[in-house]
$ cat coords06.txt   # compact mmCIF, N, CA, C and O atoms and all ligand atoms
# COMPACT_ATOMS: atom_id res chain seq x y z
N MET A 214 -230.30 81.77 65.32
CA MET A 214 -229.49 81.99 64.13
C MET A 214 -229.61 80.78 63.20
O MET A 214 -229.76 79.66 63.67
N GLN A 215 -229.52 81.03 61.91
CA GLN A 215 -229.62 79.95 60.95
C GLN A 215 -228.33 79.80 60.15
O GLN A 215 -227.71 80.79 59.76
N PRO A 216 -227.90 78.56 59.91
CA PRO A 216 -226.68 78.36 59.15
C PRO A 216 -226.89 78.64 57.67
O PRO A 216 -227.94 78.33 57.09
N LEU A 217 -225.91 79.27 57.05
CA LEU A 217 -225.97 79.57 55.63
C LEU A 217 -224.54 79.52 55.09
O LEU A 217 -223.62 79.99 55.75
N SER A 218 -224.38 78.93 53.92
CA SER A 218 -223.01 78.89 53.41
C SER A 218 -222.83 79.77 52.19
O SER A 218 -223.73 79.96 51.39
N CYS A 219 -221.61 80.30 52.07
CA CYS A 219 -221.26 81.19 50.98
C CYS A 219 -221.20 80.38 49.68
O CYS A 219 -220.58 79.32 49.64
N ARG A 220 -221.82 80.88 48.63
CA ARG A 220 -221.85 80.17 47.35
C ARG A 220 -220.49 80.17 46.68
O ARG A 220 -220.18 79.30 45.87
N SER A 221 -219.65 81.12 47.03
CA SER A 221 -218.35 81.22 46.38
C SER A 221 -217.26 80.44 47.12
O SER A 221 -216.52 79.66 46.52
N CYS A 222 -217.20 80.56 48.45
CA CYS A 222 -216.13 79.88 49.17
C CYS A 222 -216.62 78.71 50.00
O CYS A 222 -215.81 77.93 50.50
N GLY A 223 -217.93 78.58 50.17
CA GLY A 223 -218.48 77.46 50.91
C GLY A 223 -218.37 77.58 52.42
O GLY A 223 -218.74 76.68 53.15
N THR A 224 -217.86 78.73 52.88
CA THR A 224 -217.74 78.94 54.31
C THR A 224 -219.12 79.04 54.93
O THR A 224 -220.00 79.73 54.39
N CYS A 225 -219.29 78.37 56.04
CA CYS A 225 -220.59 78.39 56.69
C CYS A 225 -220.64 79.45 57.79
O CYS A 225 -219.72 79.55 58.59
N VAL A 226 -221.69 80.25 57.78
CA VAL A 226 -221.86 81.26 58.81
C VAL A 226 -223.24 81.11 59.44
O VAL A 226 -224.12 80.47 58.86
N LEU A 227 -223.42 81.70 60.58
CA LEU A 227 -224.72 81.72 61.21
C LEU A 227 -225.31 83.11 60.98
O LEU A 227 -224.65 84.12 61.21
N VAL A 228 -226.52 83.15 60.47
CA VAL A 228 -227.15 84.42 60.13
C VAL A 228 -228.41 84.65 60.96
O VAL A 228 -229.20 83.74 61.18
N LYS A 229 -228.56 85.88 61.40
CA LYS A 229 -229.76 86.25 62.11
C LYS A 229 -230.28 87.53 61.50
O LYS A 229 -229.56 88.53 61.41
N LYS A 230 -231.52 87.47 61.04
CA LYS A 230 -232.13 88.64 60.42
C LYS A 230 -232.97 89.35 61.48
O LYS A 230 -234.00 88.85 61.90
N ASN A 231 -232.51 90.51 61.91
CA ASN A 231 -233.23 91.23 62.95
C ASN A 231 -234.35 92.09 62.40
O ASN A 231 -235.39 92.24 62.99
N SER A 232 -234.13 92.68 61.24
CA SER A 232 -235.11 93.53 60.57
C SER A 232 -234.71 93.52 59.10
O SER A 232 -233.64 93.04 58.75
N PRO A 233 -235.57 94.06 58.21
CA PRO A 233 -235.20 94.03 56.78
C PRO A 233 -233.83 94.64 56.50
O PRO A 233 -233.13 94.20 55.60
N ALA A 234 -233.42 95.62 57.29
CA ALA A 234 -232.15 96.28 57.03
C ALA A 234 -231.01 95.76 57.90
O ALA A 234 -229.86 96.11 57.71
N HIS A 235 -231.35 94.92 58.87
CA HIS A 235 -230.35 94.48 59.83
C HIS A 235 -230.09 92.99 59.78
O HIS A 235 -230.97 92.19 60.04
N THR A 236 -228.87 92.64 59.45
CA THR A 236 -228.50 91.23 59.41
C THR A 236 -227.29 91.02 60.29
O THR A 236 -226.30 91.73 60.16
N GLN A 237 -227.39 90.06 61.18
CA GLN A 237 -226.27 89.75 62.06
C GLN A 237 -225.62 88.48 61.55
O GLN A 237 -226.28 87.48 61.32
N VAL A 238 -224.31 88.54 61.35
CA VAL A 238 -223.59 87.39 60.83
C VAL A 238 -222.53 86.93 61.82
O VAL A 238 -221.79 87.74 62.36
N GLN A 239 -222.49 85.65 62.05
CA GLN A 239 -221.48 85.09 62.94
C GLN A 239 -220.72 83.99 62.23
O GLN A 239 -221.30 83.00 61.79
N TRP A 240 -219.43 84.19 62.09
CA TRP A 240 -218.60 83.21 61.40
C TRP A 240 -218.36 82.00 62.29
O TRP A 240 -218.06 82.14 63.46
N THR A 241 -218.49 80.82 61.71
CA THR A 241 -218.23 79.61 62.47
C THR A 241 -216.81 79.11 62.22
O THR A 241 -216.30 78.26 62.92
N THR A 242 -216.18 79.66 61.19
CA THR A 242 -214.80 79.31 60.88
C THR A 242 -214.00 80.60 60.73
O THR A 242 -214.56 81.69 60.74
N ASP A 243 -212.71 80.48 60.57
CA ASP A 243 -211.86 81.64 60.38
C ASP A 243 -212.21 82.33 59.08
O ASP A 243 -212.52 81.68 58.08
N THR A 244 -212.17 83.67 59.07
CA THR A 244 -212.50 84.41 57.86
C THR A 244 -211.47 84.18 56.74
O THR A 244 -211.73 84.50 55.59
N ASP A 245 -210.32 83.59 57.11
CA ASP A 245 -209.30 83.28 56.10
C ASP A 245 -209.80 82.26 55.09
O ASP A 245 -209.26 82.15 53.99
N ARG A 246 -210.81 81.52 55.47
CA ARG A 246 -211.35 80.49 54.58
C ARG A 246 -212.00 81.11 53.35
O ARG A 246 -212.12 80.48 52.32
N CYS A 247 -212.45 82.33 53.48
CA CYS A 247 -213.07 83.01 52.36
C CYS A 247 -212.01 83.79 51.59
O CYS A 247 -211.32 84.64 52.14
N ALA A 248 -211.88 83.47 50.32
CA ALA A 248 -210.85 84.10 49.49
C ALA A 248 -211.01 85.61 49.42
O ALA A 248 -210.02 86.34 49.41
N GLU A 249 -212.24 86.07 49.38
CA GLU A 249 -212.46 87.51 49.25
C GLU A 249 -212.08 88.24 50.54
O GLU A 249 -211.40 89.26 50.52
N LEU A 250 -212.52 87.68 51.67
CA LEU A 250 -212.20 88.33 52.94
C LEU A 250 -210.73 88.22 53.31
O LEU A 250 -210.17 89.09 53.95
N ALA A 251 -210.10 87.13 52.88
CA ALA A 251 -208.70 86.91 53.20
C ALA A 251 -207.81 87.99 52.58
O ALA A 251 -206.71 88.26 53.06
N GLN A 252 -208.32 88.61 51.51
CA GLN A 252 -207.54 89.66 50.83
C GLN A 252 -207.63 91.00 51.55
O GLN A 252 -206.85 91.90 51.30
N ARG A 253 -208.61 91.11 52.42
CA ARG A 253 -208.79 92.39 53.11
C ARG A 253 -207.89 92.48 54.34
O ARG A 253 -207.57 91.47 54.93
N PRO A 254 -207.56 93.71 54.74
CA PRO A 254 -206.78 93.85 55.97
C PRO A 254 -207.61 93.35 57.15
O PRO A 254 -208.83 93.49 57.15
N THR A 255 -206.95 92.77 58.13
CA THR A 255 -207.65 92.20 59.28
C THR A 255 -208.59 93.20 59.94
O THR A 255 -209.68 92.86 60.38
N ALA A 256 -208.18 94.45 60.00
CA ALA A 256 -208.99 95.48 60.65
C ALA A 256 -210.34 95.67 59.95
O ALA A 256 -211.33 96.04 60.57
N ASP A 257 -210.36 95.40 58.66
CA ASP A 257 -211.57 95.57 57.87
C ASP A 257 -212.59 94.47 58.10
O ASP A 257 -213.78 94.67 57.98
N ARG A 258 -212.10 93.30 58.42
CA ARG A 258 -212.96 92.12 58.44
C ARG A 258 -214.10 92.21 59.44
O ARG A 258 -215.18 91.71 59.20
N ALA A 259 -213.84 92.85 60.56
CA ALA A 259 -214.88 92.97 61.58
C ALA A 259 -216.05 93.81 61.10
O ALA A 259 -217.19 93.58 61.48
N THR A 260 -215.76 94.79 60.24
CA THR A 260 -216.83 95.67 59.78
C THR A 260 -217.48 95.17 58.51
O THR A 260 -218.66 95.42 58.26
N VAL A 261 -216.72 94.45 57.69
CA VAL A 261 -217.27 93.97 56.42
C VAL A 261 -218.21 92.79 56.64
O VAL A 261 -219.26 92.71 56.02
N LEU A 262 -217.82 91.90 57.52
CA LEU A 262 -218.61 90.74 57.91
C LEU A 262 -218.83 89.68 56.84
O LEU A 262 -218.61 88.51 57.07
N THR A 263 -219.30 90.07 55.68
CA THR A 263 -219.54 89.07 54.64
C THR A 263 -218.89 89.47 53.33
O THR A 263 -218.71 90.65 53.05
N CYS A 264 -218.54 88.49 52.52
CA CYS A 264 -218.08 88.80 51.19
C CYS A 264 -219.33 89.05 50.34
O CYS A 264 -220.45 88.77 50.76
N LEU A 265 -219.16 89.57 49.15
CA LEU A 265 -220.29 89.92 48.30
C LEU A 265 -221.18 88.72 48.00
O LEU A 265 -222.39 88.82 47.98
N ARG A 266 -220.53 87.58 47.73
CA ARG A 266 -221.29 86.37 47.41
C ARG A 266 -222.17 85.93 48.56
O ARG A 266 -223.29 85.49 48.39
N LEU A 267 -221.61 86.04 49.74
CA LEU A 267 -222.35 85.62 50.92
C LEU A 267 -223.53 86.56 51.15
O LEU A 267 -224.62 86.13 51.48
N ARG A 268 -223.30 87.83 50.95
CA ARG A 268 -224.37 88.80 51.13
C ARG A 268 -225.49 88.51 50.14
O ARG A 268 -226.66 88.58 50.46
N ASP A 269 -225.08 88.15 48.93
CA ASP A 269 -226.04 87.80 47.89
C ASP A 269 -226.84 86.56 48.30
O ASP A 269 -228.05 86.49 48.12
N SER A 270 -226.13 85.57 48.85
CA SER A 270 -226.78 84.34 49.29
C SER A 270 -227.81 84.64 50.39
O SER A 270 -228.90 84.06 50.40
N ILE A 271 -227.46 85.56 51.28
CA ILE A 271 -228.35 85.93 52.37
C ILE A 271 -229.61 86.60 51.81
O ILE A 271 -230.73 86.24 52.16
N GLU A 272 -229.42 87.55 50.88
CA GLU A 272 -230.55 88.25 50.29
C GLU A 272 -231.50 87.28 49.60
O GLU A 272 -232.71 87.38 49.73
N LYS A 273 -230.93 86.33 48.88
CA LYS A 273 -231.74 85.35 48.17
C LYS A 273 -232.52 84.46 49.14
O LYS A 273 -233.69 84.15 48.91
N ALA A 274 -231.88 84.07 50.21
CA ALA A 274 -232.53 83.23 51.22
C ALA A 274 -233.70 83.99 51.86
O ALA A 274 -234.74 83.42 52.14
N VAL A 275 -233.51 85.29 52.05
CA VAL A 275 -234.56 86.12 52.63
C VAL A 275 -235.74 86.20 51.66
O VAL A 275 -236.89 86.02 52.03
N ARG A 276 -235.43 86.41 50.40
CA ARG A 276 -236.48 86.55 49.39
C ARG A 276 -237.27 85.25 49.21
O ARG A 276 -238.46 85.26 48.93
N ARG A 277 -236.56 84.13 49.36
CA ARG A 277 -237.24 82.84 49.23
C ARG A 277 -237.94 82.43 50.50
O ARG A 277 -238.60 81.40 50.55
N GLY A 278 -237.81 83.24 51.53
CA GLY A 278 -238.45 82.95 52.80
C GLY A 278 -237.73 81.88 53.60
O GLY A 278 -238.29 81.31 54.54
N GLU A 279 -236.50 81.58 53.21
CA GLU A 279 -235.74 80.56 53.93
C GLU A 279 -235.13 81.10 55.22
O GLU A 279 -234.83 80.35 56.14
N LEU A 280 -234.95 82.40 55.22
CA LEU A 280 -234.37 83.03 56.40
C LEU A 280 -235.48 83.79 57.13
O LEU A 280 -235.96 84.80 56.65
N ARG A 281 -235.87 83.26 58.25
CA ARG A 281 -236.94 83.89 59.00
C ARG A 281 -236.45 85.13 59.73
O ARG A 281 -235.32 85.17 60.20
N MET A 282 -237.31 86.14 59.80
CA MET A 282 -236.97 87.34 60.52
C MET A 282 -237.11 87.04 62.01
O MET A 282 -238.10 86.46 62.45
N ASP A 283 -236.08 87.42 62.75
CA ASP A 283 -236.10 87.16 64.19
C ASP A 283 -236.02 88.49 64.93
O ASP A 283 -234.97 89.09 65.04
N THR A 284 -237.15 88.95 65.42
CA THR A 284 -237.18 90.25 66.07
C THR A 284 -237.02 90.16 67.59
O THR A 284 -237.04 91.16 68.27
N SER A 285 -236.85 88.96 68.07
CA SER A 285 -236.74 88.80 69.53
C SER A 285 -235.36 89.21 70.01
O SER A 285 -234.40 89.14 69.26
ZN ZN A 301 -217.05 83.97 50.71

$ encode --input "coords06.txt" --output "structure tokens"
Amino acid sequence: MQPLSCRSCGTCVLVKKNSPAHTQVQWTTDTDRCAELAQRPTADRATVLTCLRLRDSIEKAVRRGELRMDTS
């Protein structure tokens, strides 16, 4: 997994790209640190995983080749 931080809240997460459509995200801090996720009901957080900014950051990292695909 590779560390990546959210451009909006600065929260650092570990990201693993399994396939072009599959991204695994692991929070290293509480999701409360992210303003966008903190507004969501707790039940939602497990399924949402990332705020929009973070998702955008991940996509950009993939496009720039900074996030390697890990199929193992
Ligand atoms: Zn965020």

$ residues_near_ligand --input "coords06.txt" --ligand "ligand ZN 301 (chain A)" --cutoff "8 Å" --atoms "all atoms listed in the file" --output "list in words"
Ser218, Cys219, Arg220, Ser221, Cys222, Gly223, Thr224, Thr244, Arg246, Cys247, Ala248, Glu249, Leu250, Ala251, Leu262, Thr263, Cys264, Leu265, Arg266, Leu267 and Arg268 of chain A

$ select_by_dssp --input "coords06.txt" --residues "chain A" --states "strand (DSSP E)" --output "list of chain:residue names"
A:Gln215, A:Pro216, A:Leu217, A:Ser218, A:Cys225, A:Val226, A:Leu227, A:Val228, A:Lys229, A:Lys230, A:Asn231, A:Ser232, A:His235, A:Thr236, A:Gln237, A:Val238, A:Gln239, A:Trp240

$ write_last_selection --input "coords06.txt" --atoms "N, CA, C and O atoms" --output "compact mmCIF listing (two decimals), in the frame of the given file"
# COMPACT_ATOMS: atom_id res chain seq x y z
N GLN A 215 -229.52 81.03 61.91
CA GLN A 215 -229.62 79.95 60.95
C GLN A 215 -228.33 79.80 60.15
O GLN A 215 -227.71 80.79 59.76
N PRO A 216 -227.90 78.56 59.91
CA PRO A 216 -226.68 78.36 59.15
C PRO A 216 -226.89 78.64 57.67
O PRO A 216 -227.94 78.33 57.09
N LEU A 217 -225.91 79.27 57.05
CA LEU A 217 -225.97 79.57 55.63
C LEU A 217 -224.54 79.52 55.09
O LEU A 217 -223.62 79.99 55.75
N SER A 218 -224.38 78.93 53.92
CA SER A 218 -223.01 78.89 53.41
C SER A 218 -222.83 79.77 52.19
O SER A 218 -223.73 79.96 51.39
N CYS A 225 -219.29 78.37 56.04
CA CYS A 225 -220.59 78.39 56.69
C CYS A 225 -220.64 79.45 57.79
O CYS A 225 -219.72 79.55 58.59
N VAL A 226 -221.69 80.25 57.78
CA VAL A 226 -221.86 81.26 58.81
C VAL A 226 -223.24 81.11 59.44
O VAL A 226 -224.12 80.47 58.86
N LEU A 227 -223.42 81.70 60.58
CA LEU A 227 -224.72 81.72 61.21
C LEU A 227 -225.31 83.11 60.98
O LEU A 227 -224.65 84.12 61.21
N VAL A 228 -226.52 83.15 60.47
CA VAL A 228 -227.15 84.42 60.13
C VAL A 228 -228.41 84.65 60.96
O VAL A 228 -229.20 83.74 61.18
N LYS A 229 -228.56 85.88 61.40
CA LYS A 229 -229.76 86.25 62.11
C LYS A 229 -230.28 87.53 61.50
O LYS A 229 -229.56 88.53 61.41
N LYS A 230 -231.52 87.47 61.04
CA LYS A 230 -232.13 88.64 60.42
C LYS A 230 -232.97 89.35 61.48
O LYS A 230 -234.00 88.85 61.90
N ASN A 231 -232.51 90.51 61.91
CA ASN A 231 -233.23 91.23 62.95
C ASN A 231 -234.35 92.09 62.40
O ASN A 231 -235.39 92.24 62.99
N SER A 232 -234.13 92.68 61.24
CA SER A 232 -235.11 93.53 60.57
C SER A 232 -234.71 93.52 59.10
O SER A 232 -233.64 93.04 58.75
N HIS A 235 -231.35 94.92 58.87
CA HIS A 235 -230.35 94.48 59.83
C HIS A 235 -230.09 92.99 59.78
O HIS A 235 -230.97 92.19 60.04
N THR A 236 -228.87 92.64 59.45
CA THR A 236 -228.50 91.23 59.41
C THR A 236 -227.29 91.02 60.29
O THR A 236 -226.30 91.73 60.16
N GLN A 237 -227.39 90.06 61.18
CA GLN A 237 -226.27 89.75 62.06
C GLN A 237 -225.62 88.48 61.55
O GLN A 237 -226.28 87.48 61.32
N VAL A 238 -224.31 88.54 61.35
CA VAL A 238 -223.59 87.39 60.83
C VAL A 238 -222.53 86.93 61.82
O VAL A 238 -221.79 87.74 62.36
N GLN A 239 -222.49 85.65 62.05
CA GLN A 239 -221.48 85.09 62.94
C GLN A 239 -220.72 83.99 62.23
O GLN A 239 -221.30 83.00 61.79
N TRP A 240 -219.43 84.19 62.09
CA TRP A 240 -218.60 83.21 61.40
C TRP A 240 -218.36 82.00 62.29
O TRP A 240 -218.06 82.14 63.46

$ residues_around --input "coords06.txt" --residues "Gln215 in chain A" --least-positions-apart "2" --cutoff "7 Å" --atoms "only C-alpha atoms" --output "ChimeraX atom specification"
/A:217,227-229

$ atom_distance --input "coords06.txt" --atom1 "CA of Arg253 in chain A" --atom2 "CA of Glu279 in chain A"
29.4 Å

$ atom_distance --input "coords06.txt" --atom1 "CA of Arg281 in chain A" --atom2 "CA of His235 in chain A"
12.5 Å

$ residues_near_point --input "coords06.txt" --point "(-236.3, 87.7, 63.3)" --cutoff "8 Å" --atoms "only N, CA, C and O atoms" --output "mmCIF file with N, CA, C and O atoms, in the frame of the given file"
data_model
loop_
_atom_site.group_PDB
_atom_site.id
_atom_site.type_symbol
_atom_site.label_atom_id
_atom_site.label_comp_id
_atom_site.auth_asym_id
_atom_site.auth_seq_id
_atom_site.Cartn_x
_atom_site.Cartn_y
_atom_site.Cartn_z
ATOM 1 N N LYS A 229 -228.560 85.880 61.400
ATOM 2 C CA LYS A 229 -229.760 86.250 62.110
ATOM 3 C C LYS A 229 -230.280 87.530 61.500
ATOM 4 O O LYS A 229 -229.560 88.530 61.410
ATOM 5 N N LYS A 230 -231.520 87.470 61.040
ATOM 6 C CA LYS A 230 -232.130 88.640 60.420
ATOM 7 C C LYS A 230 -232.970 89.350 61.480
ATOM 8 O O LYS A 230 -234.000 88.850 61.900
ATOM 9 N N ASN A 231 -232.510 90.510 61.910
ATOM 10 C CA ASN A 231 -233.230 91.230 62.950
ATOM 11 C C ASN A 231 -234.350 92.090 62.400
ATOM 12 O O ASN A 231 -235.390 92.240 62.990
ATOM 13 N N SER A 232 -234.130 92.680 61.240
ATOM 14 C CA SER A 232 -235.110 93.530 60.570
ATOM 15 C C SER A 232 -234.710 93.520 59.100
ATOM 16 O O SER A 232 -233.640 93.040 58.750
ATOM 17 N N HIS A 235 -231.350 94.920 58.870
ATOM 18 C CA HIS A 235 -230.350 94.480 59.830
ATOM 19 C C HIS A 235 -230.090 92.990 59.780
ATOM 20 O O HIS A 235 -230.970 92.190 60.040
ATOM 21 N N LEU A 280 -234.950 82.400 55.220
ATOM 22 C CA LEU A 280 -234.370 83.030 56.400
ATOM 23 C C LEU A 280 -235.480 83.790 57.130
ATOM 24 O O LEU A 280 -235.960 84.800 56.650
ATOM 25 N N ARG A 281 -235.870 83.260 58.250
ATOM 26 C CA ARG A 281 -236.940 83.890 59.000
ATOM 27 C C ARG A 281 -236.450 85.130 59.730
ATOM 28 O O ARG A 281 -235.320 85.170 60.200
ATOM 29 N N MET A 282 -237.310 86.140 59.800
ATOM 30 C CA MET A 282 -236.970 87.340 60.520
ATOM 31 C C MET A 282 -237.110 87.040 62.010
ATOM 32 O O MET A 282 -238.100 86.460 62.450
ATOM 33 N N ASP A 283 -236.080 87.420 62.750
ATOM 34 C CA ASP A 283 -236.100 87.160 64.190
ATOM 35 C C ASP A 283 -236.020 88.490 64.930
ATOM 36 O O ASP A 283 -234.970 89.090 65.040
ATOM 37 N N THR A 284 -237.150 88.950 65.420
ATOM 38 C CA THR A 284 -237.180 90.250 66.070
ATOM 39 C C THR A 284 -237.020 90.160 67.590
ATOM 40 O O THR A 284 -237.040 91.160 68.270
ATOM 41 N N SER A 285 -236.850 88.960 68.070
ATOM 42 C CA SER A 285 -236.740 88.800 69.530
ATOM 43 C C SER A 285 -235.360 89.210 70.010
ATOM 44 O O SER A 285 -234.400 89.140 69.260
#

$ atom_distance --input "coords06.txt" --atom1 "CA of Arg276 in chain A" --atom2 "CA of Val226 in chain A"
18.2 Å

$ select_by_dssp --input "coords06.txt" --residues "chain A" --states "alpha helix (DSSP H)" --output "PyMOL selection string"
chain A and resi 248-251+255-261+265-276

$ decode --input "coords06.txt" --residues "range 229-242 of chain A" --atoms "N, CA, C and O atoms" --output "mmCIF file, in the first residue's frame"
data_model
loop_
_atom_site.group_PDB
_atom_site.id
_atom_site.type_symbol
_atom_site.label_atom_id
_atom_site.label_comp_id
_atom_site.auth_asym_id
_atom_site.auth_seq_id
_atom_site.Cartn_x
_atom_site.Cartn_y
_atom_site.Cartn_z
ATOM 1 N N LYS A 229 -4.201 1.130 -2.107
ATOM 2 C CA LYS A 229 -3.721 0.014 -2.895
ATOM 3 C C LYS A 229 -4.607 -0.111 -4.118
ATOM 4 O O LYS A 229 -5.834 -0.210 -4.005
ATOM 5 N N LYS A 230 -3.974 -0.043 -5.276
ATOM 6 C CA LYS A 230 -4.723 -0.139 -6.524
ATOM 7 C C LYS A 230 -4.652 -1.583 -7.005
ATOM 8 O O LYS A 230 -3.598 -2.063 -7.419
ATOM 9 N N ASN A 231 -5.772 -2.283 -6.930
ATOM 10 C CA ASN A 231 -5.776 -3.687 -7.332
ATOM 11 C C ASN A 231 -5.977 -3.864 -8.823
ATOM 12 O O ASN A 231 -5.430 -4.749 -9.440
ATOM 13 N N SER A 232 -6.804 -3.023 -9.414
ATOM 14 C CA SER A 232 -7.092 -3.051 -10.844
ATOM 15 C C SER A 232 -7.577 -1.654 -11.193
ATOM 16 O O SER A 232 -7.822 -0.844 -10.302
ATOM 17 N N PRO A 233 -7.713 -1.341 -12.493
ATOM 18 C CA PRO A 233 -8.165 0.024 -12.836
ATOM 19 C C PRO A 233 -9.450 0.433 -12.132
ATOM 20 O O PRO A 233 -9.644 1.597 -11.808
ATOM 21 N N ALA A 234 -10.334 -0.520 -11.869
ATOM 22 C CA ALA A 234 -11.607 -0.181 -11.250
ATOM 23 C C ALA A 234 -11.633 -0.404 -9.748
ATOM 24 O O ALA A 234 -12.579 -0.034 -9.069
ATOM 25 N N HIS A 235 -10.580 -1.019 -9.226
ATOM 26 C CA HIS A 235 -10.582 -1.397 -7.824
ATOM 27 C C HIS A 235 -9.514 -0.687 -7.021
ATOM 28 O O HIS A 235 -8.325 -0.862 -7.262
ATOM 29 N N THR A 236 -9.939 0.096 -6.060
ATOM 30 C CA THR A 236 -8.993 0.784 -5.198
ATOM 31 C C THR A 236 -9.316 0.454 -3.754
ATOM 32 O O THR A 236 -10.453 0.579 -3.327
ATOM 33 N N GLN A 237 -8.307 0.032 -3.031
ATOM 34 C CA GLN A 237 -8.489 -0.291 -1.627
ATOM 35 C C GLN A 237 -7.895 0.839 -0.805
ATOM 36 O O GLN A 237 -6.761 1.244 -1.015
ATOM 37 N N VAL A 238 -8.689 1.371 0.107
ATOM 38 C CA VAL A 238 -8.232 2.490 0.920
ATOM 39 C C VAL A 238 -8.244 2.114 2.393
ATOM 40 O O VAL A 238 -9.209 1.546 2.887
ATOM 41 N N GLN A 239 -7.172 2.430 3.068
ATOM 42 C CA GLN A 239 -7.095 2.159 4.496
ATOM 43 C C GLN A 239 -6.732 3.442 5.231
ATOM 44 O O GLN A 239 -5.693 4.036 4.988
ATOM 45 N N TRP A 240 -7.629 3.861 6.104
ATOM 46 C CA TRP A 240 -7.397 5.092 6.859
ATOM 47 C C TRP A 240 -6.368 4.855 7.951
ATOM 48 O O TRP A 240 -6.422 3.865 8.659
ATOM 49 N N THR A 241 -5.439 5.785 8.085
ATOM 50 C CA THR A 241 -4.441 5.668 9.136
ATOM 51 C C THR A 241 -4.847 6.501 10.350
ATOM 52 O O THR A 241 -4.296 6.373 11.422
ATOM 53 N N THR A 242 -5.833 7.370 10.150
ATOM 54 C CA THR A 242 -6.355 8.177 11.250
ATOM 55 C C THR A 242 -7.870 8.034 11.273
ATOM 56 O O THR A 242 -8.458 7.439 10.377
#
